[in-house]
>>> print(open('upload_16.cif').read())   # mmCIF, C-alpha atoms
data_target
#
loop_
_atom_site.label_atom_id
_atom_site.label_comp_id
_atom_site.auth_asym_id
_atom_site.auth_seq_id
_atom_site.Cartn_x
_atom_site.Cartn_y
_atom_site.Cartn_z
CA MET A 1 -4.68 -20.24 -4.69
CA ALA A 2 -4.89 -22.92 -1.99
CA LYS A 3 -6.59 -23.48 1.35
CA ILE A 4 -3.96 -24.04 4.03
CA LEU A 5 -4.43 -24.93 7.71
CA ILE A 6 -1.89 -24.02 10.38
CA SER A 7 -2.26 -26.22 13.45
CA PRO A 8 -0.17 -26.51 16.64
CA LEU A 9 0.65 -30.04 17.76
CA GLY A 10 0.73 -31.10 21.41
CA ALA A 11 2.29 -34.02 23.23
CA GLY A 12 -0.88 -35.99 23.91
CA LYS A 13 -1.03 -38.24 26.96
CA GLY A 14 2.54 -39.48 26.75
CA PHE A 15 4.01 -42.86 25.91
CA LYS A 16 2.54 -46.09 27.24
CA GLY A 17 3.09 -49.79 26.60
CA ALA A 18 0.59 -51.65 24.42
CA ASP A 19 -0.31 -55.14 25.65
CA GLY A 20 3.21 -55.78 26.88
CA THR A 21 4.76 -55.16 23.49
CA ASP A 22 7.58 -52.72 22.81
CA LYS A 23 5.38 -50.49 20.66
CA PHE A 24 4.66 -46.95 21.74
CA LEU A 25 1.16 -45.50 21.55
CA ARG A 26 0.47 -41.84 22.05
CA GLU A 27 -2.64 -40.10 20.82
CA TYR A 28 -5.33 -37.55 21.54
CA ASN A 29 -8.57 -38.98 22.85
CA ASN A 30 -11.27 -39.51 20.25
CA ALA A 31 -13.93 -36.83 20.30
CA ASP A 32 -17.21 -36.21 18.52
CA TYR A 33 -16.38 -32.87 16.93
CA LYS A 34 -19.13 -30.65 15.57
CA ILE A 35 -18.69 -27.71 13.22
CA ASP A 36 -21.37 -25.80 11.27
CA ASN A 37 -23.96 -28.33 12.51
CA THR A 38 -21.98 -31.20 10.96
CA LEU A 39 -20.86 -33.96 13.34
CA TYR A 40 -17.55 -35.78 12.88
CA PRO A 41 -17.71 -38.71 15.33
CA LYS A 42 -14.69 -40.37 16.92
CA SER A 43 -12.17 -37.93 15.43
CA ARG A 44 -8.74 -37.52 16.95
CA PHE A 45 -7.34 -34.34 15.47
CA VAL A 46 -9.17 -31.04 15.09
CA ALA A 47 -6.86 -30.52 12.14
CA SER A 48 -8.22 -33.62 10.37
CA VAL A 49 -11.81 -32.45 10.93
CA LEU A 50 -11.04 -28.99 9.54
CA TYR A 51 -9.12 -30.54 6.64
CA GLU A 52 -12.12 -32.66 5.68
CA HIS A 53 -14.82 -30.07 6.43
CA PHE A 54 -13.29 -27.26 4.37
CA LYS A 55 -11.65 -29.50 1.75
CA LEU A 56 -8.25 -28.01 2.45
CA ASP A 57 -5.16 -28.38 0.27
CA GLY A 58 -2.53 -28.64 2.98
CA ILE A 59 -1.75 -28.66 6.70
CA ILE A 60 1.19 -26.94 8.38
CA PHE A 61 1.77 -28.55 11.77
CA ILE A 62 3.78 -26.53 14.29
CA GLY A 63 5.15 -28.34 17.31
CA THR A 64 8.13 -29.00 19.57
CA VAL A 65 10.49 -32.01 19.55
CA LYS A 66 8.18 -33.56 22.15
CA SER A 67 5.00 -33.23 20.07
CA MET A 68 3.44 -36.46 18.85
CA TRP A 69 4.74 -36.42 15.31
CA GLU A 70 4.67 -40.22 15.18
CA GLU A 71 0.90 -40.18 15.77
CA VAL A 72 0.42 -37.61 12.97
CA TYR A 73 2.32 -39.97 10.69
CA ARG A 74 0.27 -43.04 11.73
CA PHE A 75 -3.08 -41.25 11.61
CA PHE A 76 -2.64 -39.64 8.19
CA CYS A 77 -1.20 -42.83 6.71
CA GLU A 78 -4.47 -44.50 7.67
CA LYS A 79 -6.60 -41.56 6.56
CA ASN A 80 -4.88 -41.23 3.18
CA HIS A 81 -4.64 -45.01 2.63
CA ILE A 82 -0.85 -45.02 2.58
CA ASP A 83 1.17 -48.03 3.77
CA MET A 84 2.87 -47.02 7.02
CA ASP A 85 6.58 -47.64 7.48
CA GLU A 86 6.41 -49.21 10.93
CA ASP A 87 10.18 -49.01 11.47
CA TYR A 88 10.14 -45.27 10.77
CA TRP A 89 7.12 -44.81 13.06
CA PHE A 90 8.76 -46.81 15.88
CA ASN A 91 12.15 -45.09 15.57
CA LEU A 92 10.49 -41.66 15.52
CA ALA A 93 8.53 -42.53 18.67
CA GLN A 94 11.73 -43.67 20.39
CA GLN A 95 13.55 -40.49 19.41
CA ILE A 96 10.74 -38.30 20.73
CA ASP A 97 10.77 -40.25 24.00
CA LYS A 98 14.45 -39.36 24.54
CA VAL A 99 14.49 -35.67 23.60
CA ASN A 100 13.60 -32.72 25.86
CA TYR A 101 13.41 -28.94 25.86
CA ASN A 102 17.20 -28.68 25.47
CA SER A 103 17.34 -30.89 22.37
CA SER A 104 18.26 -29.53 18.96
CA LEU A 105 15.49 -28.97 16.45
CA ASP A 106 17.52 -31.19 14.11
CA SER A 107 16.98 -34.17 16.41
CA LEU A 108 13.97 -35.44 14.47
CA ASP A 109 13.59 -36.58 10.87
CA LEU A 110 10.06 -35.55 9.85
CA SER A 111 10.45 -36.05 6.10
CA LYS A 112 8.05 -38.98 5.89
CA VAL A 113 5.49 -37.16 8.01
CA ARG A 114 5.55 -34.30 5.49
CA ASN A 115 5.11 -36.73 2.62
CA VAL A 116 1.89 -38.27 3.97
CA LEU A 117 0.37 -34.84 4.61
CA GLY A 118 0.51 -33.73 0.98
CA LYS A 119 2.21 -31.24 -1.34
CA ARG A 120 1.26 -27.97 0.38
CA SER A 121 1.94 -29.33 3.88
CA GLN A 122 4.84 -28.72 6.25
CA CYS A 123 6.10 -29.80 9.68
CA ILE A 124 7.65 -26.91 11.62
CA LEU A 125 9.70 -27.56 14.76
CA THR A 126 9.79 -24.76 17.31
CA LYS A 127 11.28 -24.14 20.73
CA TYR A 128 9.20 -24.40 23.88
CA GLY A 129 9.12 -20.60 24.20
CA LEU A 130 10.59 -20.60 27.71
CA ASP A 131 12.18 -17.15 27.35
CA GLU A 132 12.17 -14.13 25.07
CA LEU A 133 14.91 -15.51 22.83
CA GLU A 134 12.97 -18.71 22.20
CA LEU A 135 9.79 -16.74 21.54
CA TRP A 136 11.55 -14.67 18.90
CA ASP A 137 13.03 -17.82 17.37
CA ASN A 138 9.49 -19.17 17.11
CA PHE A 139 8.39 -15.86 15.59
CA ASP A 140 11.03 -16.28 12.87
CA LYS A 141 9.79 -19.81 12.20
CA ILE A 142 6.19 -18.69 11.79
CA ILE A 143 7.23 -15.78 9.56
CA ASN A 144 8.97 -18.27 7.28
CA VAL A 145 5.77 -20.32 7.17
CA ILE A 146 3.67 -17.33 6.13
CA ASP A 147 6.31 -16.24 3.65
CA SER A 148 5.99 -19.63 1.93
CA LEU A 149 2.31 -19.02 1.24
CA GLU A 150 1.35 -18.04 -2.29
CA TYR A 151 -0.70 -15.20 -3.74
CA GLN A 152 -4.34 -15.24 -2.57
CA ASP A 153 -3.97 -18.38 -0.46
CA GLU A 154 -6.67 -18.84 2.16
CA LEU A 155 -5.37 -19.43 5.69
CA TYR A 156 -7.18 -21.39 8.39
CA LEU A 157 -5.84 -21.37 11.93
CA ASP A 158 -6.36 -24.07 14.58
CA ILE A 159 -5.34 -23.07 18.12
CA THR A 160 -6.71 -26.08 20.01
CA HIS A 161 -3.62 -28.05 21.03
CA SER A 162 -0.01 -27.57 22.18
CA PHE A 163 1.21 -25.04 24.76
CA ARG A 164 -1.33 -22.25 25.30
CA SER A 165 1.52 -19.75 24.97
CA LEU A 166 2.36 -21.13 21.52
CA SER A 167 -1.25 -20.91 20.33
CA LEU A 168 -1.55 -17.33 21.59
CA PHE A 169 1.80 -16.38 20.11
CA GLN A 170 0.80 -17.99 16.83
CA PHE A 171 -2.46 -16.01 16.78
CA LEU A 172 -0.71 -12.69 17.44
CA THR A 173 2.05 -13.45 14.94
CA ILE A 174 -0.45 -14.21 12.18
CA THR A 175 -2.19 -10.92 13.01
CA PHE A 176 1.11 -9.07 12.69
CA ILE A 177 2.22 -10.79 9.50
CA ASN A 178 -1.17 -10.35 7.85
CA ASP A 179 -0.32 -6.64 7.64
CA LEU A 180 3.30 -7.11 6.59
CA LEU A 181 2.48 -9.44 3.73
CA SER A 182 -0.63 -7.65 2.51
CA GLU A 183 0.73 -7.66 -1.06
CA LYS A 184 0.14 -11.42 -1.16
CA LYS A 185 -3.55 -10.82 -0.39
CA ILE A 186 -3.66 -13.82 1.94
CA LYS A 187 -7.09 -14.21 3.46
CA ILE A 188 -7.63 -15.36 7.05
CA SER A 189 -10.71 -17.55 6.56
CA GLY A 190 -11.11 -18.83 10.12
CA VAL A 191 -9.52 -19.18 13.56
CA TYR A 192 -10.77 -22.39 15.16
CA TYR A 193 -10.74 -23.85 18.66
CA GLY A 194 -12.03 -27.28 19.69
CA MET A 195 -13.75 -26.83 23.07
CA LEU A 196 -12.82 -30.16 24.64
CA ASP A 197 -13.55 -28.74 28.12
CA ILE A 198 -17.33 -28.99 27.68
CA SER A 199 -17.54 -32.27 25.76
CA LYS A 200 -19.04 -34.25 28.64
CA GLU A 201 -21.53 -31.50 29.44
CA ILE A 202 -23.12 -31.18 26.00
CA GLY A 203 -22.30 -34.59 24.51
CA TYR A 204 -20.02 -33.40 21.71
CA THR A 205 -17.03 -31.14 21.17
CA PRO A 206 -17.92 -27.89 19.36
CA ILE A 207 -15.33 -26.35 17.07
CA VAL A 208 -15.88 -22.60 17.31
CA ASP A 209 -14.63 -19.92 14.95
CA LEU A 210 -12.78 -17.18 16.83
CA LYS A 211 -12.25 -15.12 13.71
CA SER A 212 -14.26 -12.27 15.27
CA LEU A 213 -11.41 -11.81 17.77
CA PHE A 214 -8.95 -11.61 14.90
CA GLU A 215 -11.18 -9.09 13.16
CA MET A 216 -11.40 -7.00 16.34
CA THR A 217 -7.68 -6.27 16.00
CA SER A 218 -8.48 -4.81 12.56
CA TRP A 219 -11.25 -2.63 14.04
CA ILE A 220 -8.86 -1.32 16.69
CA LYS A 221 -6.19 -0.62 14.07
CA GLY A 222 -8.75 1.10 11.85
CA ALA A 223 -9.93 3.36 14.66
CA TYR A 224 -6.33 4.16 15.60
CA SER A 225 -5.42 5.04 12.00
CA LEU A 226 -8.37 7.41 11.70
CA GLN A 227 -7.87 9.00 15.11
CA ASN A 228 -4.13 9.58 14.76
CA TYR A 229 -3.56 9.95 11.03
CA GLY A 230 -6.96 10.84 9.59
CA ASN A 231 -6.86 7.63 7.53
CA GLY A 232 -10.30 6.04 7.48
CA GLU A 233 -9.79 3.56 4.65
CA LEU A 234 -9.52 0.42 6.81
CA ILE A 235 -12.42 1.16 9.13
CA ALA A 236 -14.59 2.10 6.14
CA GLU A 237 -13.79 -1.24 4.46
CA LEU A 238 -14.71 -3.10 7.66
CA LEU A 239 -17.99 -1.22 7.90
CA LYS A 240 -18.83 -2.06 4.29
CA THR A 241 -18.49 -5.77 5.07
CA GLN A 242 -21.04 -5.24 7.85
CA GLY A 243 -23.53 -3.50 5.56
CA GLU A 244 -22.91 0.00 7.02
CA LYS A 245 -22.40 1.66 3.63
CA GLU A 246 -23.55 5.19 4.55
CA LEU A 247 -21.35 5.36 7.63
CA ALA A 248 -18.41 3.92 5.69
CA SER A 249 -18.87 6.49 2.93
CA ARG A 250 -18.89 9.41 5.36
CA ILE A 251 -15.74 8.19 7.10
CA GLU A 252 -14.03 7.85 3.72
CA LYS A 253 -15.05 11.36 2.67
CA LEU A 254 -13.81 12.93 5.92
CA SER A 255 -10.56 10.99 5.61
CA GLN A 256 -10.08 12.21 2.04
CA ALA A 257 -10.81 15.82 3.01
CA ILE A 258 -8.25 15.66 5.85
CA ASN A 259 -5.62 14.03 3.66
CA ILE A 260 -5.93 16.71 0.99
CA ASN A 261 -6.44 19.45 3.64
CA TYR A 262 -9.59 21.02 2.17
CA VAL A 263 -10.65 22.92 5.27
CA ASN A 264 -14.25 23.66 4.31
CA SER A 265 -14.77 20.05 3.27
CA ILE A 266 -13.27 18.87 6.57
CA LYS A 267 -15.85 20.86 8.50
CA GLN A 268 -18.74 19.70 6.31
CA ARG A 269 -17.69 16.04 6.28
CA SER A 270 -17.20 16.12 10.05
CA SER A 271 -20.76 17.36 10.53
CA ASP A 272 -22.08 14.66 8.19
CA LEU A 273 -20.19 11.95 10.04
CA LYS A 274 -21.31 13.29 13.41
CA ALA A 275 -24.94 12.94 12.29
CA SER A 276 -24.31 9.32 11.25
CA LEU A 277 -22.64 8.51 14.55
CA ASN A 278 -25.73 9.69 16.39
CA LYS A 279 -27.80 7.01 14.68
CA PRO A 280 -28.09 3.67 16.53
CA THR A 281 -26.33 0.65 15.00
CA ASN A 282 -26.34 -3.06 15.79
CA ASN A 283 -22.75 -3.46 14.64
CA ARG A 284 -21.12 -4.86 17.78
CA PRO A 285 -17.43 -4.32 16.90
CA PHE A 286 -18.17 -0.75 15.83
CA ASN A 287 -20.09 -0.02 19.05
CA TYR A 288 -16.93 -0.67 21.05
CA ILE A 289 -14.90 1.92 19.15
CA LYS A 290 -17.67 4.43 18.45
CA SER A 291 -16.55 6.68 21.33
CA ILE A 292 -13.12 6.98 19.70
CA LEU A 293 -14.71 8.27 16.51
CA ASP A 294 -16.98 10.61 18.48
CA ASP A 295 -13.92 12.23 20.05
CA PHE A 296 -12.20 12.40 16.67
CA VAL A 297 -15.11 14.14 14.95
CA LYS A 298 -15.42 16.69 17.75
CA LYS A 299 -11.99 18.03 16.82
CA PHE A 300 -13.31 19.17 13.44
CA THR A 301 -16.91 20.22 14.11
CA ARG A 302 -16.48 23.35 16.20
CA SER A 303 -18.91 25.54 14.30
CA SER A 304 -18.81 28.34 16.88
CA THR A 305 -15.11 29.09 16.38
CA SER A 306 -13.76 31.57 13.85
CA GLU A 307 -12.18 30.31 10.64
CA SER A 308 -8.71 31.31 11.82
CA ASP A 309 -9.16 29.45 15.12
CA PHE A 310 -10.35 26.39 13.25
CA GLN A 311 -7.33 26.48 10.94
CA LEU A 312 -5.06 27.01 13.94
CA GLU A 313 -6.48 24.00 15.77
CA LEU A 314 -6.29 21.93 12.61
CA ALA A 315 -2.61 22.82 12.24
CA GLY A 316 -2.07 21.74 15.84
CA TRP A 317 -3.71 18.38 15.08
CA TYR A 318 -1.43 17.88 12.10
CA PHE A 319 1.60 18.66 14.27
CA ASP A 320 0.41 16.35 17.04
CA ASN A 321 0.25 13.56 14.47
CA GLU A 322 3.59 14.40 12.86
CA ARG A 323 2.15 15.63 9.57
CA TYR A 324 4.37 18.67 9.62
CA ALA A 325 4.19 19.68 5.96
CA THR A 326 0.40 19.97 6.02
CA GLY A 327 0.57 21.55 9.47
CA TYR A 328 2.84 24.39 8.33
CA ILE A 329 0.74 25.11 5.25
CA THR A 330 -2.37 25.30 7.44
CA LEU A 331 -0.64 27.38 10.11
CA ALA A 332 0.55 30.00 7.61
CA GLU A 333 -2.94 30.31 6.16
CA ALA A 334 -4.46 30.58 9.65
CA ILE A 335 -2.38 33.71 10.28
CA ILE A 336 -3.54 35.40 7.09
CA THR A 337 -7.14 34.41 7.82
CA TYR A 338 -6.79 35.96 11.28
CA VAL A 339 -5.39 39.24 9.88
CA CYS A 340 -8.29 39.39 7.42
CA GLU A 341 -10.80 38.82 10.24
CA ILE A 342 -9.51 41.53 12.57
CA ASN A 343 -9.40 44.00 9.67
CA GLY A 344 -12.86 43.18 8.33
CA LYS A 345 -11.62 41.69 5.06
CA ASP A 346 -13.15 38.80 3.10
CA ILE A 347 -11.14 35.72 4.10
CA ARG A 348 -12.09 33.92 0.86
CA GLU A 349 -11.14 36.71 -1.54
CA LYS A 350 -7.64 36.14 -2.91
CA ASP A 351 -6.87 39.81 -3.56
CA GLN A 352 -7.83 40.76 -0.02
CA ARG A 353 -5.77 37.92 1.44
CA ASP A 354 -2.77 39.06 -0.62
CA ALA A 355 -3.30 42.60 0.60
CA MET A 356 -3.31 41.42 4.22
CA LYS A 357 -0.03 39.55 3.63
CA LYS A 358 1.55 42.83 2.57
CA PHE A 359 -0.16 44.65 5.43
CA LEU A 360 1.41 42.20 7.88
CA SER A 361 4.85 41.76 6.30
CA ARG A 362 5.52 45.36 5.23
CA GLN A 363 3.44 47.77 7.27
CA ASN A 364 3.66 45.77 10.50
CA ALA A 365 6.92 43.91 9.97
CA HIS A 366 8.04 44.50 13.57
CA SER A 367 4.92 43.07 15.14
CA GLU A 368 5.14 39.82 17.04
CA LEU A 369 2.76 38.07 14.64
CA ALA A 370 4.70 39.26 11.56
CA LYS A 371 7.96 37.86 12.97
CA ILE A 372 6.42 34.45 13.59
CA TYR A 373 4.67 34.51 10.22
CA ASN A 374 7.98 35.21 8.51
CA LYS A 375 9.47 32.04 10.05
CA VAL A 376 6.41 29.91 9.39
CA ASP A 377 6.01 31.14 5.82
CA LYS A 378 9.62 30.32 4.94
CA ILE A 379 9.10 26.76 6.14
CA ARG A 380 5.77 26.56 4.30
CA ASN A 381 7.45 27.71 1.07
CA SER A 382 10.27 25.22 1.51
CA VAL A 383 7.70 22.47 1.90
CA ALA A 384 5.67 23.64 -1.09
CA HIS A 385 8.74 23.85 -3.34
CA ALA A 386 10.32 20.66 -1.92
CA LEU A 387 13.42 22.67 -0.92
CA LEU A 388 14.47 23.04 -4.59
CA GLU A 389 14.75 26.82 -4.67
CA VAL A 390 18.32 28.10 -4.31
CA GLY A 391 19.19 30.79 -1.81
CA ARG A 392 16.12 30.47 0.43
CA LYS A 393 17.20 30.78 4.06
CA THR A 394 15.08 28.66 6.33
CA GLU A 395 15.33 26.45 9.38
CA SER A 396 16.69 22.94 9.19
CA TYR A 397 14.03 20.25 8.98
CA SER A 398 14.82 19.14 12.54
CA ASP A 399 14.36 22.68 13.88
CA ALA A 400 11.15 23.08 11.89
CA ILE A 401 9.81 19.91 13.46
CA SER A 402 10.88 20.71 17.01
CA ASN A 403 9.54 24.30 16.83
CA ALA A 404 6.19 23.47 15.20
CA LYS A 405 4.06 23.15 18.33
CA GLU A 406 5.73 26.16 19.96
CA TYR A 407 4.90 28.34 16.95
CA GLN A 408 1.30 27.15 17.10
CA LYS A 409 1.06 27.96 20.83
CA GLU A 410 2.56 31.45 20.40
CA ILE A 411 0.17 32.24 17.56
CA LYS A 412 -2.77 31.04 19.64
CA LYS A 413 -1.85 33.53 22.38
CA ILE A 414 -1.75 36.35 19.86
CA PHE A 415 -5.10 35.37 18.39
CA LEU A 416 -6.66 35.75 21.82
CA THR A 417 -5.60 39.42 21.93
CA LYS A 418 -7.32 40.29 18.62
CA THR A 419 -4.21 42.30 17.77
CA LEU A 420 -0.90 41.67 15.94
CA GLY A 421 0.87 41.25 19.26
CA ASN A 422 3.47 43.59 20.71
#
>>> encode(input="upload_16.cif", output="structure tokens")
Amino acid sequence: MAKILISPLGAGKGFKGADGTDKFLREYNNADYKIDNTLYPKSRFVASVLYEHFKLDGIIFIGTVKSMWEEVYRFFCEKNHIDMDEDYWFNLAQQIDKVNYNSSLDSLDLSKVRNVLGKRSQCILTKYGLDELELWDNFDKIINVIDSLEYQDELYLDITHSFRSLSLFQFLTITFINDLLSEKKIKISGVYYGMLDISKEIGYTPIVDLKSLFEMTSWIKGAYSLQNYGNGELIAELLKTQGEKELASRIEKLSQAININYVNSIKQRSSDLKASLNKPTNNRPFNYIKSILDDFVKKFTRSSTSESDFQLELAGWYFDNERYATGYITLAEAIITYVCEINGKDIREKDQRDAMKKFLSRQNAHSELAKIYNKVDKIRNSVAHALLEVGRKTESYSDAISNAKEYQKEIKKIFLTKTLGN
């Protein structure tokens, strides 16, 4: 496990002569950086401050052919007490002076720069990102960087320098890859920005942690997963980190009830969660997505509806969210519940439910509801038996999917009549 910093590298002020000599000097201005109330005076790179402050194990610099790689080499030679190869430094500066946005990424030899940065460090050359193709090329480069990280590495991100588009793209790419490579359990420990814009105003340059913005993407994803798939695992984990254990527990329990399709538990857990949502909370990220959860819970807390209507609406929710297997199981049971209700039978008594199945399928086989039930039940049985039974005639999976919502709508119309249909 190592602590690794990813930092974009800009072009600085450009080349300039030094006292009439033929040397090239290009560097960021010195700044008095401050992080966590610790001042680092006359520092040139935010990356070097972060490296020292967090005792990092490596730096991955990302830049273009025009970035000031020669200054990285000079600065870290000095910082790490390594004798600088002046010929290499001078030739690298000359090369960078000649290249432009059309130059090949193979134009520069950065091997010695990598060496002075340390074992877990890299120098990644990217395009300028002038069009979609170049942006995707950069995406591939950053993916390769993340893929090189090891199990449980901690990742720090600096977005201070270079093109703003590259820093933004880097931030979004890390967000994306953090999900793809979750098996590596890489932790995003901080997203830092050196606020050079206000240095003169306050007398130092604060380095602020923007990790809360990164975390907000997780809150949004968590709310989306719960709202659309009934999966509350992520948002519950986020709430636990904020000390909201009761709320997290109730979201988890509702999610579990939905995923296993225990209808009574869904109703009970929805009511419990609704009560928790009515309590005030100081959790700022959660406050922004609370309305999404309010709307979600309302779908499952309609206490005034009949059991059959509740099952019918639940089936519709499963279909809306492409959970067709669970939707068909729920839809078939909603029909039997409805037949029990209109005939005064106990909806929870198995023998009476079985009797109502026969009542519908045999004694009223020509009714509109029986015909739809026959189709729905065949699909439900195919789902339950994983299509392993021989000789069962049923719709193709594509027809079952495309007809799901239509079946639900037709059944809803029949339920309104309190009859078996025509």
>>> atom_distance(input="upload_16.cif", atom1="CA of Arg44 (chain A)", atom2="CA of Asn80 (chain A)")
14.8 Å
>>> resolve_selection(input="upload_16.cif", expression="the PyMOL selection byres ((chain A and resi 339) around 12)", output="PyMOL selection string")
chain A and resi 307-309+332-338+340-347+352-361+364+369-370+373+411+414-415+418-421
>>> resolve_selection(input="upload_16.cif", expression="the PyMOL selection byres ((chain A and resi 267-278) around 8)", output="list in words")
Glu246, Leu247, Arg250, Ile251, Lys253, Leu254, Ala257, Val263, Asn264, Ser265, Ile266, Lys279, Pro280, Lys290, Asp294, Val297, Lys298, Phe300 and Thr301 of chain A
>>> resolve_selection(input="upload_16.cif", expression="the PyMOL selection byres ((chain A and resi 39) around 12)", output="PyMOL selection string")
chain A and resi 31-38+40-43+49-50+52-53+203-207
>>> atom_distance(input="upload_16.cif", atom1="CA of Met1 (chain A)", atom2="CA of Ser189 (chain A)")
13.0 Å
>>> residues_around(input="upload_16.cif", residues="Lys187 (chain A)", least_positions_apart="3", cutoff="10 Å", atoms="all atoms listed in the file", output="NGL selection string")
:A and (3 or 151-156 or 178 or 182 or 184 or 190)
>>> atom_distance(input="upload_16.cif", atom1="CA of Asp83 (chain A)", atom2="CA of Leu110 (chain A)")
16.5 Å
>>> residues_near_point(input="upload_16.cif", point="(11.2, -25.4, 17.9)", cutoff="8 Å", atoms="only C-alpha atoms", output="ChimeraX atom specification")
/A:63-65,105,124-128,137-138
>>> closest_residue(input="upload_16.cif", among="A:Tyr262, A:Leu117, A:Tyr101, A:Glu215", to="Thr241 (chain A)", atoms="only C-alpha atoms")
A:Glu215
